[in-house]
$ cat target32.cif   # mmCIF, C-alpha atoms
data_start
#
loop_
_atom_site.label_atom_id
_atom_site.label_comp_id
_atom_site.auth_asym_id
_atom_site.auth_seq_id
_atom_site.Cartn_x
_atom_site.Cartn_y
_atom_site.Cartn_z
CA MET A 56 89.19 73.10 168.95
CA THR A 57 92.38 74.60 167.59
CA LEU A 58 95.46 72.48 166.83
CA GLN A 59 98.71 73.55 168.42
CA PRO A 60 101.73 73.55 166.13
CA SER A 61 104.19 70.77 166.97
CA ALA A 62 107.49 71.79 168.41
CA SER A 63 110.57 71.46 166.16
CA PRO A 64 113.05 68.71 166.96
CA ILE A 65 115.74 71.28 167.79
CA ALA A 66 113.46 73.13 170.23
CA ALA A 67 112.45 69.88 171.86
CA GLY A 68 116.05 68.92 172.31
CA LEU A 69 115.77 65.98 169.93
CA PRO A 70 118.41 65.16 167.29
CA GLU A 71 117.78 66.20 163.70
CA THR A 72 116.42 63.57 161.39
CA PRO A 73 118.35 62.63 158.23
CA THR A 74 115.77 64.46 156.15
CA ALA A 75 116.89 67.76 157.56
CA LEU A 76 120.19 67.83 155.56
CA SER A 77 121.69 71.13 154.61
CA SER A 78 120.99 71.97 150.98
CA ASP A 79 124.42 73.47 150.49
CA ARG A 80 126.33 70.22 151.10
CA PRO A 81 128.34 69.30 147.96
CA ALA A 82 127.16 66.27 146.00
CA ALA A 83 129.27 63.13 146.00
CA LEU A 84 131.74 62.95 143.10
CA PRO A 85 131.48 59.98 140.72
CA ALA A 86 134.11 57.30 141.14
CA ALA A 87 137.08 57.83 138.83
CA ARG A 88 137.67 55.10 136.27
CA SER A 89 141.08 53.64 135.60
CA PRO A 90 142.71 54.18 132.18
CA THR A 91 142.45 50.45 131.51
CA ALA A 92 138.71 50.46 132.16
CA LEU A 93 138.23 53.50 129.91
CA ALA A 94 140.27 51.91 127.11
CA LEU A 95 138.28 48.66 127.44
CA ARG A 96 135.02 50.59 127.33
CA ARG A 97 136.10 52.48 124.20
CA GLY A 98 137.31 49.24 122.61
CA LEU A 99 133.99 47.47 123.12
CA ARG A 100 132.24 50.40 121.46
CA HIS A 101 134.59 50.37 118.45
CA GLY A 102 133.15 48.11 115.75
CA GLY A 103 136.40 47.57 113.84
CA PHE A 104 138.31 46.71 117.00
CA VAL A 105 135.71 44.15 118.10
CA ILE A 106 135.47 42.53 114.65
CA GLY A 107 139.25 42.43 114.15
CA ALA A 108 139.91 41.06 117.64
CA GLY A 109 137.17 38.45 117.23
CA ILE A 110 138.40 37.17 113.87
CA LEU A 111 142.07 37.21 114.86
CA GLY A 112 141.28 35.51 118.16
CA THR A 113 139.36 32.78 116.34
CA ILE A 114 142.21 32.18 113.89
CA LEU A 115 144.73 32.14 116.72
CA LEU A 116 142.61 29.64 118.66
CA CYS A 117 142.34 27.41 115.58
CA ALA A 118 146.12 27.58 115.12
CA LEU A 119 146.81 26.63 118.73
CA ALA A 120 144.24 23.82 118.74
CA ALA A 121 145.10 22.53 115.25
CA PRO A 122 146.00 18.96 116.38
CA LEU A 123 142.64 18.72 118.14
CA ILE A 124 140.28 20.18 115.54
CA ALA A 125 141.93 19.17 112.25
CA PRO A 126 139.89 16.26 110.84
CA HIS A 127 142.83 14.65 108.97
CA ASP A 128 146.61 14.60 108.83
CA PRO A 129 147.58 17.61 106.67
CA TYR A 130 150.51 15.65 105.20
CA ALA A 131 148.67 12.37 104.44
CA GLN A 132 148.42 11.78 100.68
CA ASP A 133 145.79 9.71 98.89
CA VAL A 134 145.98 10.15 95.13
CA SER A 135 142.76 8.15 94.65
CA ARG A 136 140.89 11.00 96.41
CA ARG A 137 142.57 13.91 94.67
CA LEU A 138 140.71 17.15 93.86
CA ILE A 139 137.48 16.22 95.66
CA PRO A 140 135.32 19.39 95.57
CA PRO A 141 134.03 21.15 98.70
CA ILE A 142 130.80 20.12 100.37
CA TRP A 143 128.72 22.83 98.66
CA GLN A 144 129.44 21.37 95.22
CA ALA A 145 127.75 18.38 93.61
CA LYS A 146 130.38 15.71 94.32
CA GLY A 147 131.43 17.06 97.73
CA THR A 148 131.62 14.82 100.77
CA TRP A 149 131.44 15.51 104.51
CA ASP A 150 134.62 13.51 105.00
CA HIS A 151 136.47 16.38 103.30
CA VAL A 152 134.44 19.52 103.96
CA LEU A 153 136.68 21.83 101.90
CA GLY A 154 137.77 19.13 99.47
CA THR A 155 141.26 17.83 98.75
CA ASP A 156 144.25 19.08 96.78
CA LYS A 157 146.08 17.52 93.83
CA LEU A 158 147.73 14.94 96.12
CA GLY A 159 144.56 14.00 97.98
CA ARG A 160 145.43 15.91 101.16
CA ASP A 161 142.51 17.32 103.15
CA TYR A 162 142.15 21.03 102.42
CA LEU A 163 140.53 21.98 105.72
CA SER A 164 143.35 20.37 107.71
CA ARG A 165 146.00 22.09 105.62
CA LEU A 166 144.15 25.38 105.97
CA ILE A 167 144.07 25.05 109.78
CA TYR A 168 147.76 24.13 109.99
CA GLY A 169 148.59 26.87 107.49
CA SER A 170 147.32 29.44 109.98
CA GLN A 171 150.19 28.39 112.26
CA ILE A 172 152.71 29.20 109.52
CA SER A 173 151.19 32.59 108.72
CA LEU A 174 150.85 33.70 112.35
CA LEU A 175 154.34 32.44 113.23
CA ILE A 176 155.93 34.34 110.36
CA GLY A 177 153.90 37.50 111.03
CA ILE A 178 154.61 37.59 114.76
CA ALA A 179 158.28 36.61 114.50
CA ALA A 180 159.06 39.03 111.67
CA ALA A 181 157.27 41.88 113.46
CA ALA A 182 159.16 41.11 116.68
CA ILE A 183 162.59 41.10 114.99
CA SER A 184 161.93 44.24 112.98
CA GLY A 185 160.37 45.92 116.02
CA VAL A 186 163.48 45.39 118.14
CA ILE A 187 165.77 46.73 115.41
CA GLY A 188 163.65 49.70 114.38
CA THR A 189 162.66 50.72 117.92
CA THR A 190 166.26 50.68 119.11
CA LEU A 191 167.45 52.82 116.21
CA GLY A 192 164.51 55.23 116.34
CA ILE A 193 164.51 55.79 120.08
CA CYS A 194 168.27 56.49 120.10
CA ALA A 195 167.99 58.89 117.15
CA GLY A 196 165.03 60.74 118.65
CA TYR A 197 166.49 61.09 122.13
CA PHE A 198 170.15 61.87 121.45
CA GLY A 199 169.78 63.75 118.15
CA GLY A 200 172.88 65.24 116.55
CA ARG A 201 175.24 62.78 114.93
CA VAL A 202 173.31 59.78 116.17
CA ASP A 203 170.19 61.11 114.47
CA ALA A 204 172.13 61.82 111.27
CA VAL A 205 173.59 58.29 111.13
CA VAL A 206 170.24 56.63 111.81
CA SER A 207 168.50 58.83 109.24
CA TYR A 208 171.11 57.83 106.65
CA VAL A 209 170.62 54.13 107.47
CA VAL A 210 166.82 54.50 107.20
CA THR A 211 167.13 56.33 103.88
CA THR A 212 169.41 53.59 102.55
CA ARG A 213 166.93 50.93 103.63
CA LEU A 214 164.00 52.79 101.99
CA ALA A 215 165.92 52.89 98.72
CA MET A 216 165.94 49.05 98.64
CA PRO A 217 162.73 47.40 97.35
CA VAL A 218 161.60 44.87 99.94
CA VAL A 219 160.21 42.30 97.49
CA LEU A 220 163.28 42.31 95.23
CA VAL A 221 165.72 42.06 98.13
CA ALA A 222 163.68 39.27 99.72
CA LEU A 223 163.59 37.39 96.41
CA ALA A 224 167.34 37.79 95.96
CA MET A 225 168.15 36.65 99.51
CA ALA A 226 165.78 33.70 99.33
CA SER A 227 167.19 32.59 95.97
CA LEU A 228 170.78 32.86 97.23
CA VAL A 229 170.31 31.21 100.62
CA GLY A 230 167.41 28.92 99.73
CA GLY A 231 163.78 29.10 100.71
CA SER A 232 162.73 27.83 104.14
CA LEU A 233 160.64 28.94 107.09
CA LYS A 234 163.67 30.20 109.01
CA VAL A 235 165.06 32.11 106.02
CA VAL A 236 161.72 33.82 105.38
CA VAL A 237 161.40 34.93 109.02
CA LEU A 238 164.96 36.31 109.15
CA VAL A 239 164.79 38.04 105.76
CA LEU A 240 161.49 39.75 106.54
CA GLY A 241 162.56 40.62 110.07
CA PHE A 242 165.70 42.37 108.82
CA LEU A 243 163.83 44.22 106.04
CA LEU A 244 160.70 45.59 107.71
CA TRP A 245 162.18 47.69 110.53
CA ASP A 246 162.16 51.09 108.78
CA ARG A 247 158.58 52.03 109.76
CA PHE A 248 159.35 51.23 113.40
CA ALA A 249 162.40 53.49 113.26
CA VAL A 250 160.57 56.43 111.65
CA VAL A 251 157.58 56.31 114.02
CA THR A 252 159.72 55.78 117.12
CA ARG A 253 162.07 58.63 116.22
CA ALA A 254 159.19 61.08 115.71
CA ALA A 255 157.41 60.04 118.91
CA THR A 256 160.61 60.24 120.97
CA ARG A 257 161.40 63.73 119.69
CA GLN A 258 157.95 64.87 120.82
CA ILE A 259 158.42 63.80 124.45
CA ARG A 260 162.16 64.13 125.06
CA ASP A 261 161.76 67.75 126.28
CA GLN A 262 158.78 67.05 128.54
CA ASP A 263 158.92 67.86 132.24
CA PHE A 264 159.00 64.24 133.41
CA ILE A 265 162.07 63.58 131.24
CA ALA A 266 163.80 66.65 132.69
CA ALA A 267 162.88 65.46 136.19
CA ALA A 268 164.37 62.05 135.47
CA ARG A 269 167.60 63.67 134.28
CA ALA A 270 167.71 65.88 137.39
CA THR A 271 167.20 62.84 139.59
CA GLY A 272 170.31 61.27 138.09
CA PHE A 273 168.78 58.57 135.89
CA SER A 274 171.11 57.14 133.28
CA PRO A 275 170.17 57.57 129.59
CA ALA A 276 169.42 53.85 129.29
CA ARG A 277 167.07 54.00 132.28
CA ILE A 278 165.32 57.07 130.90
CA LEU A 279 164.86 55.42 127.50
CA PHE A 280 163.45 52.16 128.83
CA GLN A 281 161.50 53.40 131.85
CA GLU A 282 160.28 56.84 130.77
CA VAL A 283 160.34 57.12 126.96
CA LEU A 284 159.45 53.60 125.83
CA PRO A 285 156.22 53.21 127.90
CA ASN A 286 154.93 56.52 126.50
CA ILE A 287 155.37 55.49 122.86
CA LEU A 288 154.20 51.91 123.29
CA ASN A 289 150.76 52.56 121.80
CA ALA A 290 152.26 53.79 118.53
CA LEU A 291 154.57 50.77 118.43
CA ILE A 292 151.64 48.36 118.85
CA VAL A 293 149.85 49.93 115.89
CA VAL A 294 152.98 49.72 113.72
CA ALA A 295 153.50 46.10 114.82
CA THR A 296 150.04 45.12 113.56
CA LEU A 297 150.71 46.78 110.20
CA GLU A 298 154.07 45.08 109.80
CA MET A 299 152.61 41.75 110.87
CA ALA A 300 150.07 41.94 108.05
CA HIS A 301 152.80 43.09 105.65
CA ALA A 302 155.02 40.14 106.58
CA ILE A 303 152.17 37.65 106.07
CA LEU A 304 151.49 39.01 102.57
CA LEU A 305 155.18 38.98 101.66
CA GLU A 306 155.52 35.39 102.87
CA ALA A 307 152.54 34.39 100.72
CA ALA A 308 154.11 36.12 97.72
CA LEU A 309 157.48 34.42 98.26
CA SER A 310 155.83 31.02 98.75
CA PHE A 311 153.73 31.56 95.65
CA LEU A 312 156.94 32.14 93.66
CA GLY A 313 158.56 29.05 95.18
CA LEU A 314 161.15 30.96 97.26
CA GLY A 315 159.35 30.99 100.59
CA VAL A 316 158.06 28.13 102.71
CA GLN A 317 158.82 24.84 100.97
CA PRO A 318 156.56 21.78 100.55
CA PRO A 319 155.09 19.89 102.27
CA LEU A 320 154.47 22.66 104.85
CA PRO A 321 150.87 23.94 104.48
CA SER A 322 151.53 27.60 103.77
CA TRP A 323 148.55 29.52 102.37
CA GLY A 324 150.71 31.13 99.68
CA LEU A 325 152.08 27.71 98.75
CA MET A 326 148.52 26.29 98.59
CA ILE A 327 147.61 29.04 96.11
CA ALA A 328 150.71 28.24 94.02
CA GLU A 329 149.94 24.50 94.02
CA GLY A 330 146.35 25.15 92.88
CA LYS A 331 147.35 27.52 90.08
CA PRO A 332 147.20 24.85 87.28
CA TYR A 333 143.61 24.00 88.27
CA MET A 334 142.23 27.50 88.74
CA PHE A 335 140.02 27.38 85.61
CA PHE A 336 138.53 23.95 86.35
CA GLN A 337 138.53 23.82 90.17
CA PRO A 338 138.73 27.49 91.20
CA TRP A 339 138.12 26.66 94.85
CA VAL A 340 141.70 25.37 95.18
CA ILE A 341 142.97 28.97 95.09
CA THR A 342 139.82 30.71 96.32
CA ILE A 343 139.78 29.04 99.75
CA PRO A 344 143.37 29.89 100.81
CA GLY A 345 143.06 33.29 99.13
CA VAL A 346 139.96 34.15 101.14
CA ALA A 347 141.63 32.88 104.34
CA LEU A 348 144.63 35.12 103.67
CA LEU A 349 142.34 38.08 102.97
CA VAL A 350 140.36 37.56 106.20
CA LEU A 351 143.51 37.26 108.33
CA VAL A 352 145.13 40.41 106.93
CA LEU A 353 141.84 42.33 107.17
CA ALA A 354 141.42 41.28 110.81
CA ILE A 355 144.94 42.42 111.70
CA ASN A 356 144.42 45.79 110.01
CA LEU A 357 141.04 46.30 111.71
CA LEU A 358 142.61 45.48 115.06
CA GLY A 359 145.49 47.89 114.50
CA ASP A 360 143.13 50.66 113.40
CA GLY A 361 140.98 50.02 116.47
CA ILE A 362 143.96 50.14 118.82
CA ARG A 363 144.97 53.47 117.30
CA ASP A 364 141.50 54.92 117.87
CA VAL A 365 141.15 53.51 121.38
CA THR A 366 144.55 54.65 122.63
CA ALA A 367 144.66 58.02 120.84
CA PRO A 368 145.03 60.85 123.38
CA GLU A 369 142.51 63.03 121.55
CA GLY A 370 139.94 60.26 121.89
CA ARG A 371 140.15 60.00 125.66
CA ARG A 372 137.24 61.22 127.73
#

$ encode --input "target32.cif" --output "structure tokens"
Amino acid sequence: MTLQPSASPIAAGLPETPTALSSDRPAALPAARSPTALALRRGLRHGGFVIGAGILGTILLCALAAPLIAPHDPYAQDVSRRLIPPIWQAKGTWDHVLGTDKLGRDYLSRLIYGSQISLLIGIAAAAISGVIGTTLGICAGYFGGRVDAVVSYVVTTRLAMPVVLVALAMASLVGGSLKVVVLVLGFLLWDRFAVVTRAATRQIRDQDFIAAARATGFSPARILFQEVLPNILNALIVVATLEMAHAILLEAALSFLGLGVQPPLPSWGLMIAEGKPYMFFQPWVITIPGVALLVLVLAINLLGDGIRDVTAPEGRR
């Protein structure tokens, strides 16, 4: 008995099954990812960015939750318990994990509260200098001509002034305090913002979208704040991290010399200065705040370097 071939679905008047798709149909395109998702993906793959963000986030969390996690009052003095060593040394005690200073104040509590001082000075000084430098740089880069010449002269004059010497002179004349340190550093660290902003603005001021904004009738102020500033924001964030770390180091130097944050505020630079007479007998009194300062500045620099790599146009894919 011979088998008859089955009739095709088309010949039988039946609809085609889904398996009979045309081979020339184009394949579905993959879903496009948003720029934020791509930047987040690149950031999670960047080791320095992850490490810097993790350390800085931890220090920031400790600073915000200082009243909750500090085991003792950072200002409470007990001379009978002065210079107790940390827990890893022979006479250490769990009541004071990192020991006490020359006045019997708990070192861990002062270290936690000192992170507030360092972060406050770094953020505030970077914000003040960022506003000044960005305003000058964006105006010089966009308008050019005489405006550029005046701003370039001001920047050159500022670069001719040593930051540390000027800060020391101002602090000695006015008097050291937290507010004086923030204002002095904020008005001295704007030159890098101005240089970077000027160069970035000159690169995009002749782009098509700027010409379109001018043709539409946008005012110069609207073009600067709505078109130019968002396109140079990544460079400004990187510069802000660098200047934040610079301000923290300068504050520590001023406090170490007695012209910065004044006692009894728990500044890390001041803690190093107070432990200087005991550095040969109890070296931990300067090692602990010194290491904390090193870790904070390193975390900020790693974060800034990671932001630069993540947001760089040549690194996008």

$ resolve_selection --input "target32.cif" --expression "the PyMOL selection byres ((chain A and resi 228-239) around 9)" --output "PyMOL selection string"
chain A and resi 172+175-177+179-180+183+221-227+240-244+302+306+309-310+313-317

$ closest_residue --input "target32.cif" --among "A:Val206, A:Val218, A:Val186, A:Leu119" --to "Tyr168 of chain A" --atoms "all atoms listed in the file"
A:Leu119

$ resolve_selection --input "target32.cif" --expression "the PyMOL selection byres ((chain A and resi 247-249) around 8)" --output "PDB file with C-alpha atoms, keeping the file's coordinate frame"
ATOM      1  CA  SER A 184     161.930  44.240 112.980  1.00  0.00           C
ATOM      2  CA  GLY A 185     160.370  45.920 116.020  1.00  0.00           C
ATOM      3  CA  ILE A 187     165.770  46.730 115.410  1.00  0.00           C
ATOM      4  CA  GLY A 188     163.650  49.700 114.380  1.00  0.00           C
ATOM      5  CA  THR A 189     162.660  50.720 117.920  1.00  0.00           C
ATOM      6  CA  THR A 190     166.260  50.680 119.110  1.00  0.00           C
ATOM      7  CA  LEU A 191     167.450  52.820 116.210  1.00  0.00           C
ATOM      8  CA  GLY A 192     164.510  55.230 116.340  1.00  0.00           C
ATOM      9  CA  ILE A 193     164.510  55.790 120.080  1.00  0.00           C
ATOM     10  CA  VAL A 210     166.820  54.500 107.200  1.00  0.00           C
ATOM     11  CA  LEU A 244     160.700  45.590 107.710  1.00  0.00           C
ATOM     12  CA  TRP A 245     162.180  47.690 110.530  1.00  0.00           C
ATOM     13  CA  ASP A 246     162.160  51.090 108.780  1.00  0.00           C
ATOM     14  CA  VAL A 250     160.570  56.430 111.650  1.00  0.00           C
ATOM     15  CA  VAL A 251     157.580  56.310 114.020  1.00  0.00           C
ATOM     16  CA  THR A 252     159.720  55.780 117.120  1.00  0.00           C
ATOM     17  CA  ARG A 253     162.070  58.630 116.220  1.00  0.00           C
ATOM     18  CA  LEU A 291     154.570  50.770 118.430  1.00  0.00           C
ATOM     19  CA  VAL A 294     152.980  49.720 113.720  1.00  0.00           C
ATOM     20  CA  ALA A 295     153.500  46.100 114.820  1.00  0.00           C
TER      21      ALA A 295
END

$ closest_atom_pairs --input "target32.cif" --of "segment 169-224 of chain A" --to "segment 324-338 of chain A" --cutoff "12 Å" --atoms "all atoms listed in the file" --output "Markdown table"
| residue | atom | partner | partner_atom | distance |
| --- | --- | --- | --- | --- |
| A:Gly169 | CA | A:Met326 | CA | 8.9 |
| A:Ser170 | CA | A:Gly324 | CA | 11.0 |
| A:Ile172 | CA | A:Gly324 | CA | 10.2 |
| A:Ser173 | CA | A:Gly324 | CA | 9.2 |

$ write_last_selection --input "target32.cif" --atoms "C-alpha atoms" --output "compact mmCIF listing (two decimals), in the frame of the given file"
# COMPACT_ATOMS: atom_id res chain seq x y z
CA GLY A 169 148.59 26.87 107.49
CA SER A 170 147.32 29.44 109.98
CA ILE A 172 152.71 29.20 109.52
CA SER A 173 151.19 32.59 108.72

$ atom_distance --input "target32.cif" --atom1 "atom CA of Gly345 of chain A" --atom2 "atom CA of Val293 of chain A"
24.6 Å

$ atom_distance --input "target32.cif" --atom1 "atom CA of Asp203 of chain A" --atom2 "atom CA of Ala255 of chain A"
13.6 Å

$ atom_distance --input "target32.cif" --atom1 "atom CA of Asp161 of chain A" --atom2 "atom CA of Ile178 of chain A"
26.3 Å

$ residues_around --input "target32.cif" --residues "Leu138 of chain A" --least-positions-apart "6" --cutoff "9 Å" --atoms "only C-alpha atoms" --output "list in words"
Gly154, Thr155, Asp156, Lys157, Leu158, Gly159, Arg160, Gln337 and Val340 of chain A

$ axis_aligned_box --input "target32.cif" --around "segment 210-225 of chain A" --padding-each-side "8 Å" --output "lines of an AutoDock Vina configuration file"
center_x = 164.8
center_y = 46.5
center_z = 101.2
size_x = 25.2
size_y = 35.7
size_z = 28.0

$ build_atoms --input "target32.cif" --residues "segment 242-253 of chain A" --atoms "all heavy atoms" --output "PDB file, in the coordinates of the input"
ATOM      1  N   PHE A 242     164.626  41.409 109.042  1.00  0.00           N
ATOM      2  CA  PHE A 242     165.700  42.370 108.820  1.00  0.00           C
ATOM      3  C   PHE A 242     165.383  43.383 107.717  1.00  0.00           C
ATOM      4  O   PHE A 242     166.210  44.257 107.440  1.00  0.00           O
ATOM      5  CB  PHE A 242     166.994  41.639 108.464  1.00  0.00           C
ATOM      6  CG  PHE A 242     167.675  41.009 109.645  1.00  0.00           C
ATOM      7  CD1 PHE A 242     167.616  39.635 109.834  1.00  0.00           C
ATOM      8  CD2 PHE A 242     168.336  41.777 110.592  1.00  0.00           C
ATOM      9  CE1 PHE A 242     168.222  39.045 110.929  1.00  0.00           C
ATOM     10  CE2 PHE A 242     168.936  41.193 111.684  1.00  0.00           C
ATOM     11  CZ  PHE A 242     168.884  39.822 111.864  1.00  0.00           C
ATOM     12  N   LEU A 243     164.198  43.281 107.091  1.00  0.00           N
ATOM     13  CA  LEU A 243     163.830  44.220 106.040  1.00  0.00           C
ATOM     14  C   LEU A 243     162.678  45.140 106.394  1.00  0.00           C
ATOM     15  O   LEU A 243     162.486  46.158 105.728  1.00  0.00           O
ATOM     16  CB  LEU A 243     163.458  43.444 104.761  1.00  0.00           C
ATOM     17  CG  LEU A 243     164.601  42.829 103.956  1.00  0.00           C
ATOM     18  CD1 LEU A 243     164.053  42.052 102.772  1.00  0.00           C
ATOM     19  CD2 LEU A 243     165.589  43.883 103.488  1.00  0.00           C
ATOM     20  N   LEU A 244     161.916  44.836 107.424  1.00  0.00           N
ATOM     21  CA  LEU A 244     160.700  45.590 107.710  1.00  0.00           C
ATOM     22  C   LEU A 244     160.804  46.468 108.958  1.00  0.00           C
ATOM     23  O   LEU A 244     159.799  46.778 109.585  1.00  0.00           O
ATOM     24  CB  LEU A 244     159.517  44.606 107.886  1.00  0.00           C
ATOM     25  CG  LEU A 244     159.180  43.731 106.687  1.00  0.00           C
ATOM     26  CD1 LEU A 244     158.021  42.805 107.016  1.00  0.00           C
ATOM     27  CD2 LEU A 244     158.856  44.588 105.471  1.00  0.00           C
ATOM     28  N   TRP A 245     162.000  46.916 109.309  1.00  0.00           N
ATOM     29  CA  TRP A 245     162.180  47.690 110.530  1.00  0.00           C
ATOM     30  C   TRP A 245     162.096  49.195 110.302  1.00  0.00           C
ATOM     31  O   TRP A 245     162.086  49.974 111.259  1.00  0.00           O
ATOM     32  CB  TRP A 245     163.530  47.379 111.165  1.00  0.00           C
ATOM     33  CG  TRP A 245     164.692  47.542 110.224  1.00  0.00           C
ATOM     34  CD1 TRP A 245     165.286  46.589 109.485  1.00  0.00           C
ATOM     35  CD2 TRP A 245     165.388  48.770 109.910  1.00  0.00           C
ATOM     36  NE1 TRP A 245     166.309  47.116 108.733  1.00  0.00           N
ATOM     37  CE2 TRP A 245     166.390  48.458 108.983  1.00  0.00           C
ATOM     38  CE3 TRP A 245     165.255  50.086 110.345  1.00  0.00           C
ATOM     39  CZ2 TRP A 245     167.258  49.416 108.471  1.00  0.00           C
ATOM     40  CZ3 TRP A 245     166.124  51.041 109.836  1.00  0.00           C
ATOM     41  CH2 TRP A 245     167.105  50.707 108.917  1.00  0.00           C
ATOM     42  N   ASP A 246     162.048  49.646 109.048  1.00  0.00           N
ATOM     43  CA  ASP A 246     162.160  51.090 108.780  1.00  0.00           C
ATOM     44  C   ASP A 246     160.964  51.867 109.326  1.00  0.00           C
ATOM     45  O   ASP A 246     161.123  52.974 109.843  1.00  0.00           O
ATOM     46  CB  ASP A 246     162.284  51.316 107.268  1.00  0.00           C
ATOM     47  CG  ASP A 246     161.163  50.651 106.485  1.00  0.00           C
ATOM     48  OD1 ASP A 246     161.241  49.415 106.306  1.00  0.00           O
ATOM     49  OD2 ASP A 246     160.237  51.335 106.057  1.00  0.00           O
ATOM     50  N   ARG A 247     159.749  51.314 109.243  1.00  0.00           N
ATOM     51  CA  ARG A 247     158.580  52.030 109.760  1.00  0.00           C
ATOM     52  C   ARG A 247     158.652  52.166 111.283  1.00  0.00           C
ATOM     53  O   ARG A 247     158.256  53.185 111.843  1.00  0.00           O
ATOM     54  CB  ARG A 247     157.301  51.315 109.347  1.00  0.00           C
ATOM     55  CG  ARG A 247     156.041  52.099 109.627  1.00  0.00           C
ATOM     56  CD  ARG A 247     154.817  51.419 109.038  1.00  0.00           C
ATOM     57  NE  ARG A 247     154.922  51.294 107.595  1.00  0.00           N
ATOM     58  CZ  ARG A 247     154.017  50.665 106.856  1.00  0.00           C
ATOM     59  NH1 ARG A 247     152.967  50.094 107.412  1.00  0.00           N
ATOM     60  NH2 ARG A 247     154.175  50.606 105.543  1.00  0.00           N
ATOM     61  N   PHE A 248     159.159  51.131 111.951  1.00  0.00           N
ATOM     62  CA  PHE A 248     159.350  51.230 113.400  1.00  0.00           C
ATOM     63  C   PHE A 248     160.312  52.374 113.729  1.00  0.00           C
ATOM     64  O   PHE A 248     160.076  53.149 114.661  1.00  0.00           O
ATOM     65  CB  PHE A 248     159.910  49.922 113.954  1.00  0.00           C
ATOM     66  CG  PHE A 248     158.899  48.837 114.131  1.00  0.00           C
ATOM     67  CD1 PHE A 248     158.754  47.846 113.181  1.00  0.00           C
ATOM     68  CD2 PHE A 248     158.084  48.800 115.245  1.00  0.00           C
ATOM     69  CE1 PHE A 248     157.816  46.835 113.340  1.00  0.00           C
ATOM     70  CE2 PHE A 248     157.145  47.798 115.418  1.00  0.00           C
ATOM     71  CZ  PHE A 248     157.017  46.809 114.466  1.00  0.00           C
ATOM     72  N   ALA A 249     161.409  52.465 112.984  1.00  0.00           N
ATOM     73  CA  ALA A 249     162.400  53.490 113.260  1.00  0.00           C
ATOM     74  C   ALA A 249     161.842  54.892 113.036  1.00  0.00           C
ATOM     75  O   ALA A 249     162.062  55.800 113.853  1.00  0.00           O
ATOM     76  CB  ALA A 249     163.637  53.266 112.378  1.00  0.00           C
ATOM     77  N   VAL A 250     161.108  55.097 111.958  1.00  0.00           N
ATOM     78  CA  VAL A 250     160.570  56.430 111.650  1.00  0.00           C
ATOM     79  C   VAL A 250     159.552  56.860 112.701  1.00  0.00           C
ATOM     80  O   VAL A 250     159.591  57.982 113.221  1.00  0.00           O
ATOM     81  CB  VAL A 250     159.948  56.432 110.238  1.00  0.00           C
ATOM     82  CG1 VAL A 250     159.230  57.746 109.973  1.00  0.00           C
ATOM     83  CG2 VAL A 250     161.034  56.205 109.185  1.00  0.00           C
ATOM     84  N   VAL A 251     158.621  55.970 113.038  1.00  0.00           N
ATOM     85  CA  VAL A 251     157.580  56.310 114.020  1.00  0.00           C
ATOM     86  C   VAL A 251     158.185  56.521 115.404  1.00  0.00           C
ATOM     87  O   VAL A 251     157.831  57.467 116.124  1.00  0.00           O
ATOM     88  CB  VAL A 251     156.501  55.218 114.039  1.00  0.00           C
ATOM     89  CG1 VAL A 251     155.503  55.455 115.171  1.00  0.00           C
ATOM     90  CG2 VAL A 251     155.776  55.169 112.706  1.00  0.00           C
ATOM     91  N   THR A 252     159.113  55.657 115.803  1.00  0.00           N
ATOM     92  CA  THR A 252     159.720  55.780 117.120  1.00  0.00           C
ATOM     93  C   THR A 252     160.542  57.056 117.231  1.00  0.00           C
ATOM     94  O   THR A 252     160.515  57.738 118.272  1.00  0.00           O
ATOM     95  CB  THR A 252     160.611  54.558 117.399  1.00  0.00           C
ATOM     96  OG1 THR A 252     159.834  53.376 117.244  1.00  0.00           O
ATOM     97  CG2 THR A 252     161.172  54.605 118.812  1.00  0.00           C
ATOM     98  N   ARG A 253     161.278  57.403 116.197  1.00  0.00           N
ATOM     99  CA  ARG A 253     162.070  58.630 116.220  1.00  0.00           C
ATOM    100  C   ARG A 253     161.180  59.862 116.385  1.00  0.00           C
ATOM    101  O   ARG A 253     161.465  60.751 117.196  1.00  0.00           O
ATOM    102  CB  ARG A 253     162.890  58.747 114.928  1.00  0.00           C
ATOM    103  CG  ARG A 253     163.656  60.056 114.771  1.00  0.00           C
ATOM    104  CD  ARG A 253     164.375  60.095 113.435  1.00  0.00           C
ATOM    105  NE  ARG A 253     165.018  61.387 113.217  1.00  0.00           N
ATOM    106  CZ  ARG A 253     164.401  62.444 112.685  1.00  0.00           C
ATOM    107  NH1 ARG A 253     163.123  62.350 112.315  1.00  0.00           N
ATOM    108  NH2 ARG A 253     165.057  63.590 112.526  1.00  0.00           N
TER     109      ARG A 253
END
